[in-house]
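Pasted below: entry11.cif, mmCIF, C-alpha atoms.
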```cif
data_structure
loop_
_atom_site.label_atom_id
_atom_site.label_comp_id
_atom_site.auth_asym_id
_atom_site.auth_seq_id
_atom_site.Cartn_x
_atom_site.Cartn_y
_atom_site.Cartn_z
CA MET L 1 -6.20 37.79 -8.82
CA LYS L 2 -8.86 35.14 -9.27
CA ILE L 3 -8.09 31.45 -9.51
CA GLY L 4 -10.69 28.81 -10.22
CA ILE L 5 -10.01 25.38 -8.73
CA CYS L 6 -11.08 22.19 -10.53
CA ASN L 7 -11.03 18.53 -9.59
CA ASP L 8 -7.88 16.67 -10.56
CA HIS L 9 -7.40 14.35 -13.54
CA ALA L 10 -8.33 11.17 -11.64
CA GLY L 11 -11.78 12.43 -10.77
CA VAL L 12 -10.89 12.64 -7.06
CA ALA L 13 -12.09 15.99 -5.80
CA TYR L 14 -9.90 18.14 -3.58
CA LYS L 15 -11.74 21.17 -2.23
CA PHE L 16 -9.34 24.00 -1.55
CA LYS L 17 -10.36 26.95 0.61
CA LEU L 18 -9.34 29.82 -1.66
CA MET L 19 -12.40 32.07 -1.65
CA LYS L 20 -11.38 33.95 1.47
CA MET L 21 -7.90 34.40 0.08
CA LEU L 22 -9.26 35.73 -3.20
CA ARG L 23 -11.45 38.22 -1.41
CA GLU L 24 -8.77 39.44 0.96
CA ARG L 25 -5.55 39.16 -1.02
CA GLY L 26 -4.30 39.53 -4.54
CA ILE L 27 -1.21 39.75 -6.64
CA GLU L 28 -0.11 43.26 -7.48
CA THR L 29 -0.06 42.53 -11.19
CA VAL L 30 -3.58 41.68 -12.35
CA ASN L 31 -2.86 41.05 -16.01
CA PHE L 32 -1.60 37.46 -16.29
CA GLY L 33 -2.06 37.30 -20.02
CA THR L 34 -3.77 34.45 -21.82
CA ASP L 35 -0.77 32.30 -22.75
CA THR L 36 -1.04 29.37 -20.31
CA GLU L 37 2.46 28.19 -21.24
CA LEU L 38 3.87 31.26 -19.47
CA ILE L 39 1.75 30.88 -16.34
CA HIS L 40 2.72 28.50 -13.54
CA VAL L 41 0.82 27.91 -10.30
CA PHE L 42 2.34 25.87 -7.46
CA PHE L 43 0.83 24.33 -4.35
CA ASN L 44 3.76 23.65 -1.96
CA GLU L 45 6.07 23.62 -4.99
CA LYS L 46 3.83 21.02 -6.66
CA GLU L 47 2.78 22.45 -9.99
CA ALA L 48 -0.92 22.68 -10.80
CA PRO L 49 -1.88 22.46 -14.49
CA VAL L 50 -3.26 25.76 -15.77
CA ILE L 51 -6.31 25.09 -17.91
CA SER L 52 -7.10 28.61 -19.09
CA SER L 53 -6.55 32.29 -18.35
CA THR L 54 -8.60 35.35 -19.31
CA GLY L 55 -5.97 37.79 -18.12
CA ASP L 56 -7.32 38.44 -14.63
CA ARG L 57 -8.76 35.00 -13.91
CA MET L 58 -7.18 31.53 -14.14
CA LEU L 59 -8.63 28.05 -14.03
CA VAL L 60 -6.23 25.45 -12.60
CA LEU L 61 -6.38 21.81 -11.52
CA ALA L 62 -5.61 21.42 -7.82
CA PRO L 63 -2.79 18.85 -7.55
CA LYS L 64 -3.32 15.75 -5.50
CA LEU L 65 -2.52 16.22 -1.81
CA PRO L 66 0.61 18.39 -1.88
CA GLY L 67 0.39 18.63 1.92
CA GLU L 68 -2.41 19.54 4.27
CA ASP L 69 -0.79 22.90 5.09
CA CYS L 70 -0.34 24.61 1.75
CA VAL L 71 1.40 27.68 0.29
CA VAL L 72 0.29 28.96 -3.12
CA LYS L 73 2.77 30.53 -5.55
CA VAL L 74 2.09 32.02 -9.00
CA MET L 75 4.73 32.69 -11.65
CA VAL L 76 4.15 34.60 -14.87
CA GLY L 77 7.28 34.59 -16.95
CA GLU L 78 10.01 35.72 -14.56
CA GLN L 79 7.60 37.39 -12.13
CA GLU L 80 6.71 35.49 -8.98
CA LYS L 81 4.29 35.99 -6.09
CA VAL L 82 3.88 33.81 -2.98
CA PHE L 83 0.82 34.21 -0.80
CA GLU L 84 1.74 34.90 2.81
CA GLN L 85 -1.34 33.16 4.12
CA HIS L 86 -1.28 29.38 4.39
CA PHE L 87 -4.30 27.35 3.37
CA ALA L 88 -5.57 23.89 4.21
CA TYR L 89 -6.95 21.14 2.05
CA GLU L 90 -10.32 19.87 3.16
CA ILE L 91 -9.77 16.12 2.94
CA ARG L 92 -12.67 13.70 3.16
CA THR L 93 -12.68 9.95 2.84
CA ASN L 94 -15.50 7.71 1.75
CA VAL L 95 -15.58 3.95 2.22
CA THR L 96 -17.54 1.64 -0.07
CA THR L 97 -17.53 -2.10 -0.84
CA VAL L 98 -16.10 -3.34 -4.13
CA VAL L 99 -16.96 -7.00 -3.63
CA GLY L 100 -18.12 -9.31 -0.84
CA GLY L 101 -19.35 -8.34 2.60
CA ASP L 102 -21.74 -11.18 3.45
CA ARG L 103 -20.18 -13.17 6.30
CA SER L 104 -22.79 -15.90 5.97
CA ALA L 105 -21.89 -16.83 2.38
CA THR L 106 -21.34 -20.54 1.80
CA SER L 107 -19.92 -20.58 -1.72
CA TYR L 108 -17.10 -19.01 -3.68
CA PRO L 109 -17.03 -17.48 -7.19
CA LYS L 110 -15.89 -19.57 -10.14
CA GLY L 111 -15.13 -16.52 -12.27
CA GLY L 112 -17.09 -14.33 -14.66
CA GLU L 113 -19.63 -13.10 -12.12
CA ASN L 114 -20.51 -9.46 -11.63
CA LEU L 115 -18.79 -7.94 -8.60
CA ALA L 116 -22.12 -6.79 -7.14
CA GLU L 117 -23.29 -10.41 -6.96
CA VAL L 118 -20.15 -12.05 -5.56
CA GLN L 119 -19.69 -13.28 -1.99
CA PHE L 120 -16.94 -15.37 -0.42
CA ASN L 121 -17.12 -18.32 1.95
CA CYS L 122 -13.73 -17.56 3.49
CA ASP L 123 -11.78 -14.77 5.13
CA MET L 124 -9.70 -12.24 3.20
CA ASP L 125 -6.64 -13.05 5.27
CA ARG L 126 -3.58 -12.27 3.13
CA PRO L 127 -1.93 -9.32 1.39
CA ILE L 128 -3.42 -8.01 -1.85
CA VAL L 129 -1.75 -6.26 -4.80
CA VAL L 130 -2.77 -3.97 -7.67
CA ASP L 131 -1.08 -3.45 -11.05
CA SER L 132 -0.79 -0.33 -13.20
CA GLU L 133 -4.15 -0.98 -14.88
CA GLY L 134 -6.06 -1.23 -11.61
CA ASN L 135 -6.35 -5.03 -11.55
CA ILE L 136 -6.52 -6.24 -7.94
CA TYR L 137 -5.11 -9.71 -7.22
CA PHE L 138 -5.73 -11.77 -4.09
CA ILE L 139 -5.64 -15.36 -2.86
CA LEU L 140 -8.35 -17.12 -0.88
CA HIS L 141 -8.43 -20.46 0.92
CA ILE L 142 -11.73 -21.50 -0.63
CA GLY L 143 -12.56 -24.38 1.68
CA GLU L 144 -11.99 -25.93 5.07
CA GLY L 145 -8.97 -27.94 6.16
CA ASN L 146 -6.64 -28.93 3.34
CA ASN L 147 -8.86 -27.64 0.56
CA PRO L 148 -7.00 -25.60 -2.05
CA ASP L 149 -6.16 -21.95 -2.50
CA ALA L 150 -7.50 -19.98 -5.46
CA VAL L 151 -6.14 -16.84 -7.13
CA TYR L 152 -8.57 -14.11 -8.20
CA VAL L 153 -8.34 -10.83 -10.05
CA ILE L 154 -10.99 -8.11 -10.06
CA ASN L 155 -11.29 -4.80 -11.84
CA GLU L 156 -13.74 -2.09 -10.82
CA GLU L 157 -14.05 -0.74 -14.34
CA SER L 158 -14.99 -4.09 -15.83
CA GLY L 159 -17.15 -4.99 -12.84
CA LYS L 160 -16.12 -8.64 -13.11
CA ILE L 161 -14.22 -11.21 -11.08
CA ARG L 162 -11.98 -13.82 -12.61
CA MET L 163 -10.46 -16.97 -11.12
CA LEU L 164 -6.90 -17.27 -12.41
CA GLU L 165 -5.98 -20.50 -10.63
CA SER L 166 -7.67 -23.05 -8.41
CA GLU L 167 -6.74 -26.33 -6.76
CA ILE L 168 -3.40 -24.94 -5.54
CA THR L 169 -1.92 -27.23 -2.89
CA THR L 170 -2.08 -25.72 0.57
CA PHE L 171 -1.12 -28.43 3.05
CA LEU L 172 1.08 -26.51 5.48
CA ASN L 173 1.93 -24.22 2.57
CA GLN L 174 -0.16 -21.11 1.98
CA ASN L 175 0.25 -19.06 -1.19
CA TYR L 176 0.87 -15.33 -1.45
CA VAL L 177 1.01 -12.64 -4.14
CA CYS L 178 3.50 -9.84 -4.66
CA TYR L 179 3.76 -7.07 -7.25
CA ASP L 180 6.91 -6.06 -9.12
CA GLN L 181 6.49 -2.47 -10.32
CA ASN L 182 9.65 -2.81 -12.41
CA THR L 183 7.99 -5.40 -14.65
CA ASP L 184 4.37 -4.51 -13.81
CA ARG L 185 3.65 -8.16 -12.99
CA CYS L 186 1.77 -9.91 -10.23
CA TYR L 187 3.59 -13.00 -8.92
CA ARG L 188 2.44 -15.95 -6.84
CA PHE L 189 4.78 -17.81 -4.52
CA HIS L 190 4.51 -20.46 -1.83
CA GLY L 191 4.81 -19.46 1.78
CA ASN L 192 7.16 -22.08 3.14
CA ILE L 193 10.88 -22.22 2.59
CA GLY L 194 10.76 -25.63 0.95
CA SER L 195 8.55 -24.66 -2.01
CA ASN L 196 10.50 -22.40 -4.32
CA GLU L 197 8.55 -21.89 -7.54
CA LEU L 198 7.63 -18.42 -8.79
CA TYR L 199 4.70 -17.82 -11.14
CA PHE L 200 3.32 -14.66 -12.71
CA TYR L 201 0.13 -13.78 -14.55
CA ASP L 202 0.67 -12.41 -18.05
CA ARG L 203 -2.17 -9.98 -18.59
CA TYR L 204 -0.96 -9.43 -22.18
CA ASN L 205 -1.72 -13.10 -22.75
CA ASP L 206 -5.16 -13.30 -21.17
CA PHE L 207 -3.69 -13.54 -17.64
CA ALA L 208 -2.07 -16.86 -18.42
CA GLN L 209 -0.18 -18.37 -15.50
CA THR L 210 3.50 -18.39 -16.47
CA ARG L 211 6.28 -20.28 -14.71
CA GLY L 212 9.03 -17.98 -13.60
CA ALA L 213 12.32 -18.70 -11.88
CA THR L 214 12.86 -21.30 -9.19
CA ILE L 215 14.26 -19.94 -5.96
CA THR L 216 17.67 -21.24 -4.95
CA TRP L 217 18.87 -20.38 -1.45
CA THR L 218 22.37 -19.16 -0.64
CA PRO L 219 23.53 -20.60 1.64
CA SER L 220 21.51 -23.74 1.02
CA THR L 221 21.33 -24.32 4.78
CA MET L 222 19.08 -21.29 5.29
CA LYS L 223 16.08 -22.78 7.10
CA PRO L 224 13.76 -21.77 9.93
CA GLU L 225 14.86 -22.56 13.45
CA TYR L 226 12.02 -24.95 14.18
CA GLY L 227 9.49 -27.23 12.52
CA GLY L 228 11.54 -28.03 9.44
CA ASP L 229 11.32 -26.29 6.09
CA TRP L 230 7.73 -27.50 5.60
CA ASN L 231 6.33 -25.38 8.41
CA GLN L 232 4.15 -22.62 6.95
CA TRP L 233 4.53 -20.45 10.04
CA SER L 234 8.26 -20.21 9.40
CA CYS L 235 7.75 -18.65 6.02
CA LYS L 236 7.96 -15.79 3.61
CA HIS L 237 4.79 -13.67 3.50
CA GLN L 238 5.69 -10.77 1.25
CA TRP L 239 8.41 -9.60 -1.10
CA ILE L 240 8.89 -6.02 -2.22
CA ALA L 241 10.66 -4.95 -5.43
CA ARG L 242 13.32 -2.26 -5.05
CA PRO L 243 13.17 0.27 -7.90
CA SER L 244 16.90 1.02 -8.11
CA ASP L 245 18.32 -2.51 -8.39
CA GLY L 246 15.39 -4.70 -9.48
CA TYR L 247 15.86 -7.21 -6.65
CA TRP L 248 13.11 -8.31 -4.28
CA TYR L 249 13.58 -8.05 -0.52
CA GLY L 250 11.72 -9.73 2.30
CA ARG L 251 11.75 -10.54 5.98
CA ILE L 252 11.22 -14.21 6.71
CA ASP L 253 9.79 -15.45 9.99
CA GLN L 254 12.37 -16.16 12.69
CA GLY L 255 14.22 -12.97 11.78
CA TYR L 256 15.99 -13.66 8.48
CA PHE L 257 16.33 -11.02 5.75
CA ALA L 258 16.72 -12.13 2.14
CA ARG L 259 17.16 -10.79 -1.39
CA ILE L 260 15.86 -12.46 -4.56
CA ASP L 261 16.87 -11.96 -8.15
CA PRO L 262 13.46 -12.57 -9.78
CA GLU L 263 15.06 -13.35 -13.14
CA THR L 264 17.35 -16.12 -11.93
CA GLY L 265 15.72 -17.11 -8.65
CA GLU L 266 18.99 -16.75 -6.73
CA THR L 267 18.11 -15.85 -3.17
CA VAL L 268 20.75 -14.62 -0.75
CA ASP L 269 20.52 -14.43 3.02
CA ILE L 270 21.56 -10.85 3.84
CA SER L 271 20.65 -10.91 7.52
CA GLY L 272 24.14 -9.67 8.36
CA ILE L 273 24.64 -8.72 12.00
CA TYR L 274 21.02 -9.74 12.64
CA ASP L 275 21.54 -13.37 11.59
CA PRO L 276 19.91 -15.56 14.29
CA ARG L 277 22.34 -18.41 13.52
CA GLU L 278 25.26 -16.18 14.42
CA GLY L 279 23.77 -15.09 17.71
CA GLY L 280 22.16 -11.97 16.29
CA PRO L 281 18.75 -10.72 17.44
CA GLY L 282 17.07 -11.46 14.14
CA PHE L 283 15.90 -8.87 11.63
CA ALA L 284 13.53 -6.82 13.83
CA GLY L 285 13.45 -9.69 16.31
CA LYS L 286 12.85 -13.40 15.87
CA GLN L 287 9.10 -13.50 16.37
CA GLY L 288 6.15 -12.10 14.45
CA GLU L 289 4.96 -11.90 10.87
CA CYS L 290 5.70 -9.25 8.28
CA ASP L 291 2.81 -8.73 5.86
CA GLY L 292 3.68 -5.19 4.80
CA MET L 293 6.76 -3.69 3.14
CA ALA L 294 7.28 -0.42 1.25
CA PHE L 295 10.25 1.56 0.00
CA ASP L 296 10.41 5.31 0.53
CA PRO L 297 9.32 6.77 -2.86
CA ASP L 298 12.00 9.46 -2.62
CA ASP L 299 14.85 7.32 -1.30
CA ASP L 300 14.82 3.56 -1.74
CA THR L 301 17.72 3.09 0.64
CA LYS L 302 14.97 3.20 3.26
CA LEU L 303 12.69 0.20 3.62
CA TYR L 304 9.67 0.29 5.92
CA PHE L 305 7.97 -2.87 7.12
CA SER L 306 5.26 -3.86 9.58
CA MET L 307 5.76 -6.27 12.46
CA THR L 308 2.71 -7.90 14.01
CA GLY L 309 4.70 -9.37 16.88
CA ILE L 310 5.91 -6.03 18.23
CA ASN L 311 3.02 -3.84 17.01
CA ALA L 312 5.28 -1.44 15.18
CA ILE L 313 6.40 -0.11 11.81
CA MET L 314 10.12 -0.68 11.38
CA LEU L 315 12.73 1.08 9.23
CA TYR L 316 15.77 -0.54 7.64
CA ASP L 317 18.47 1.78 6.29
CA PHE L 318 20.52 0.13 3.53
CA ASN L 319 23.32 2.66 4.02
CA THR L 320 23.84 2.13 7.74
CA GLN L 321 22.39 -1.43 7.83
CA GLN L 322 20.48 -0.41 10.94
CA VAL L 323 16.96 -1.49 11.91
CA SER L 324 14.94 0.89 14.07
CA VAL L 325 11.37 1.47 15.21
CA TYR L 326 9.83 4.08 12.93
CA ALA L 327 6.34 4.22 14.44
CA GLY L 328 4.81 2.51 17.44
CA SER L 329 6.10 1.48 20.83
CA SER L 330 9.70 0.31 21.06
CA ALA L 331 8.55 -1.86 23.96
CA GLY L 332 6.09 -3.72 21.75
CA LEU L 333 3.00 -2.33 23.47
CA SER L 334 -0.29 -2.80 21.66
CA GLY L 335 -3.21 -0.40 21.67
CA TRP L 336 -4.63 2.53 19.76
CA MET L 337 -3.28 6.04 20.05
CA ASP L 338 -2.74 8.76 17.47
CA GLY L 339 0.04 11.32 17.75
CA ARG L 340 3.75 11.46 17.10
CA ALA L 341 5.11 8.36 15.42
CA ARG L 342 7.06 6.99 18.41
CA GLU L 343 4.20 7.78 20.80
CA ALA L 344 1.45 6.24 18.67
CA LEU L 345 0.17 2.73 19.36
CA PHE L 346 -0.80 -0.01 16.87
CA ASN L 347 -2.25 -3.48 17.27
CA SER L 348 -0.96 -6.09 14.80
CA PRO L 349 -0.22 -3.79 11.83
CA ARG L 350 -0.32 -5.66 8.54
CA GLN L 351 0.05 -4.47 4.92
CA ILE L 352 1.34 -0.94 4.31
CA CYS L 353 1.70 1.38 1.30
CA ILE L 354 3.19 4.82 0.66
CA ASP L 355 1.90 7.34 -1.87
CA ASP L 356 4.05 9.68 -3.97
CA ASP L 357 3.59 12.46 -1.40
CA ARG L 358 5.13 10.26 1.30
CA ASN L 359 1.97 9.54 3.22
CA MET L 360 2.08 6.03 4.68
CA TYR L 361 -1.11 4.00 5.15
CA ILE L 362 -1.31 1.00 7.46
CA ALA L 363 -3.89 -1.76 7.84
CA ASP L 364 -4.04 -1.73 11.65
CA SER L 365 -5.78 -5.08 11.83
CA GLU L 366 -6.68 -5.57 15.49
CA ASN L 367 -7.62 -1.89 15.86
CA HIS L 368 -10.01 -2.44 12.90
CA CYS L 369 -9.02 0.75 11.11
CA ILE L 370 -6.66 2.29 8.56
CA ARG L 371 -3.96 4.54 9.97
CA LYS L 372 -2.01 7.27 8.20
CA ILE L 373 1.46 8.69 8.84
CA VAL L 374 2.38 12.02 7.25
CA MET L 375 6.03 11.16 6.82
CA SER L 376 7.14 14.79 6.52
CA THR L 377 5.92 15.46 10.07
CA GLY L 378 5.86 11.97 11.57
CA TYR L 379 2.28 12.41 12.75
CA VAL L 380 0.00 9.36 13.01
CA SER L 381 -3.77 9.69 12.59
CA THR L 382 -6.75 7.41 12.04
CA PHE L 383 -7.60 7.69 8.36
CA ALA L 384 -10.69 5.49 8.09
CA GLY L 385 -12.63 3.15 10.34
CA THR L 386 -13.86 3.25 13.91
CA PRO L 387 -10.86 2.42 16.15
CA GLN L 388 -11.13 -0.72 18.28
CA THR L 389 -14.70 -1.32 17.05
CA PRO L 390 -15.08 -4.19 14.58
CA GLY L 391 -18.08 -4.04 12.27
CA TYR L 392 -19.24 -3.56 8.74
CA ALA L 393 -20.40 -0.13 7.61
CA ASN L 394 -19.78 2.03 4.58
CA GLY L 395 -19.75 5.83 4.65
CA THR L 396 -17.37 8.62 5.52
CA GLY L 397 -14.07 7.62 7.02
CA ASP L 398 -15.06 8.50 10.58
CA VAL L 399 -18.20 6.34 10.61
CA ALA L 400 -17.10 3.43 8.40
CA GLN L 401 -16.27 0.13 10.05
CA PHE L 402 -13.87 -2.69 9.21
CA ASP L 403 -13.31 -6.06 10.82
CA THR L 404 -9.62 -6.97 10.96
CA PRO L 405 -8.27 -5.29 7.80
CA VAL L 406 -5.21 -7.15 6.54
CA GLY L 407 -4.59 -6.18 2.90
CA LEU L 408 -3.95 -2.60 1.79
CA VAL L 409 -2.82 -1.27 -1.59
CA MET L 410 -3.06 2.02 -3.48
CA SER L 411 -3.78 2.31 -7.20
CA LYS L 412 -1.95 4.82 -9.37
CA GLU L 413 -5.11 6.97 -9.20
CA GLY L 414 -4.74 7.26 -5.44
CA ILE L 415 -7.56 4.88 -4.49
CA LEU L 416 -6.95 2.66 -1.46
CA TYR L 417 -8.22 -0.92 -1.53
CA VAL L 418 -8.59 -2.85 1.72
CA GLY L 419 -8.66 -6.61 2.19
CA ASP L 420 -11.24 -6.65 5.01
CA ARG L 421 -10.55 -10.03 6.56
CA ARG L 422 -13.57 -11.06 8.62
CA ASN L 423 -16.03 -9.09 6.52
CA ARG L 424 -14.81 -11.21 3.58
CA ALA L 425 -14.67 -8.17 1.35
CA ILE L 426 -12.53 -5.83 -0.69
CA ARG L 427 -13.34 -2.29 0.42
CA ARG L 428 -12.55 0.95 -1.37
CA ILE L 429 -11.43 4.21 0.23
CA GLY L 430 -11.86 7.24 -2.02
CA ILE L 431 -10.39 10.61 -1.09
CA GLU L 432 -12.38 13.78 -1.72
#
```

Just give me the structure as structure tokens.
Amino acid sequence: MKIGICNDHAGVAYKFKLMKMLRERGIETVNFGTDTELIHVFFNEKEAPVISSTGDRMLVLAPKLPGEDCVVKVMVGEQEKVFEQHFAYEIRTNVTTVVGGDRSATSYPKGGENLAEVQFNCDMDRPIVVDSEGNIYFILHIGEGNNPDAVYVINEESGKIRMLESEITTFLNQNYVCYDQNTDRCYRFHGNIGSNELYFYDRYNDFAQTRGATITWTPSTMKPEYGGDWNQWSCKHQWIARPSDGYWYGRIDQGYFARIDPETGETVDISGIYDPREGGPGFAGKQGECDGMAFDPDDDTKLYFSMTGINAIMLYDFNTQQVSVYAGSSAGLSGWMDGRAREALFNSPRQICIDDDRNMYIADSENHCIRKIVMSTGYVSTFAGTPQTPGYANGTGDVAQFDTPVGLVMSKEGILYVGDRRNRAIRRIGIE
């Protein structure tokens, strides 16, 4: 048998070591026919589109990352053959800069500029989001002191940056963005508990800012434990939309856990046994920020979230209502170490995302790198960046450098975008 391997639909190349297999092994039946509708090729049970067949040779598209250890199976009609030998994907990462990167910049874009010409006068210090069309949204504090926040959107294909809002009040009240995949909308919300407006950007109406629901808290007494409801450090940093019920969920500083109905704005404290007011320990403790949340793509009863205060990735199980340490030290130790999830070390993990193959990516901010957890094995590795070495360098994943990465999102094409805080840049990680 001969199989030709092509790049996948998204233009991201996956080089699969099949030549040795083709020389040394074959399927007993050499005549596959030419009807591609009858031929099926699987990589770890993930089907690869068959482009053509000449009878003894097939051309297929290698599917995106079906697992680094891979078994190939071919079916023709009711006949099936599985190769005994396992094969490995040769995965390479390449880091480039989408926009920014000049730390000495003294101005900020007004909108309409080419991405290659844009620099920022402020750090990229908050989560970022991306919609289904590859539009990347982020918020910057565009001046010193009480100067306002501004909301931007960029798109690699268009090569342009656009300012969606400016002059947003920030006194003790930072702004954040979240993405609802159920409605395919990017929302903006205020960080502190006392400001409860929701806005979204309607890209079908030229990205017009649209007023959404107003958050109402149940019970109305739900407030941080100190500083009053105006204190931005006792705030909500990120919400995550749950696919199965349409609600948003989020951990609020001081250990509260809440659920929002984005249509009505009704927000319910669901801290349960973790409620700090009832003597509970707080949802994953009382201290530390949560800038990263992601549901398991195969089972959204499992919610993963990052905790800067304890240097760990946590897991909340909706069925058992239990919170546990998924990756990192249960003692809150900081550092850098790859290995098994509970033996690995992180340092202030921030935004996280999970791809459809259940690989988790983490912006490990104070380790200045992007980490990866293969969730099927629980193994943690350094995906891109030079661990514990801040800097600014593009190139392959092992030589690239970041400086305090905070934001991290993945487009539907499998491209990772990094909000590189102190480099004042959006970086791009392509997988080859």

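For stretch 258-271 of chain L, the set of protein, DNA and RNA residues having any atom at most 6 Å away, when counting all atoms listed in the file and skipping those fewer than 4 positions along the same chain, is L:Ala213, L:Thr214, L:Ile215, L:Thr216, L:Trp217, L:Thr218, L:Tyr247, L:Trp248, L:Tyr249, L:Gly250, L:Asp275.
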
Restricting the calculation to all atoms listed in the file, which member of L:Ala116, L:Asp338, L:Ala48, L:Gln401 is positioned closest to L:Val374?
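Checking each of L:Ala116, L:Asp338, L:Ala48, L:Gln401 against L:Val374, counting all atoms listed in the file, the winner is L:Asp338.
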
(request) Taking (1.8, -24.8, -0.9) in the file's own coordinates, collect the residues within 6 Å, counting all atoms listed in the file, and hand them back as a VMD selection string. (result) chain L and resid 169 to 170 173 to 175 190

- Query: When you draw a straight line from atom CA of L:Asn205 to atom CA of L:Glu157, how long is it in Å?
  - Reply: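 Taking atom CA of L:Asn205 as the start and atom CA of L:Glu157 as the end point, the length is 19.4 Å.
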
_If we count all atoms listed in the file and set the cut-off at 7 Å, which residues sit around L:Ile154, ignoring sequence neighbours fewer than 3 positions away in its own chain? Please answer as a PyMOL selection string._
chain L and resi 135-137+160-162

Explicit residue set for the PyMOL selection byres ((chain L and resi 358-372) around 8), as a PyMOL selection string
chain L and resi 296-298+335-336+346-357+373-376+380-390+401-408+418

Original post:
What is the atom CA of L:Lys412 to atom CA of L:Glu133 distance in Å?
Top reply: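 Spanning atom CA of L:Lys412 to atom CA of L:Glu133 is a straight-line distance of 8.3 Å.
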
As a check of understanding: the span from atom CA of L:Asn319 to atom CA of L:Ser306 is 20.0 Å

- Residues selected by the PyMOL selection byres ((chain L and resi 180) around 12), written as a ChimeraX atom specification: /L:129-132,177-179,181-188,200-201,238-243,245-249,260-263,294

Judged by all atoms listed in the file, the minimum distance to L:Arg428 among L:Glu113, L:Glu37, L:Glu156, L:Glu47 is found for L:Glu156

Nearest to L:Glu343, restricted to only C-alpha atoms and choosing among L:Tyr204, L:Phe295, L:Tyr379, L:Phe189, comes out as L:Tyr379

For L:Ile431, find every residue with an atom within 7 Å (counting only C-alpha atoms), except residues of its own chain fewer than 6 positions away, and show them as a PyMOL selection string.
chain L and resi 12+91-94

Among L:Glu289, L:Glu45, L:Asp398, L:Glu78, L:Met307 is approached most closely, using only C-alpha atoms, by L:Glu289
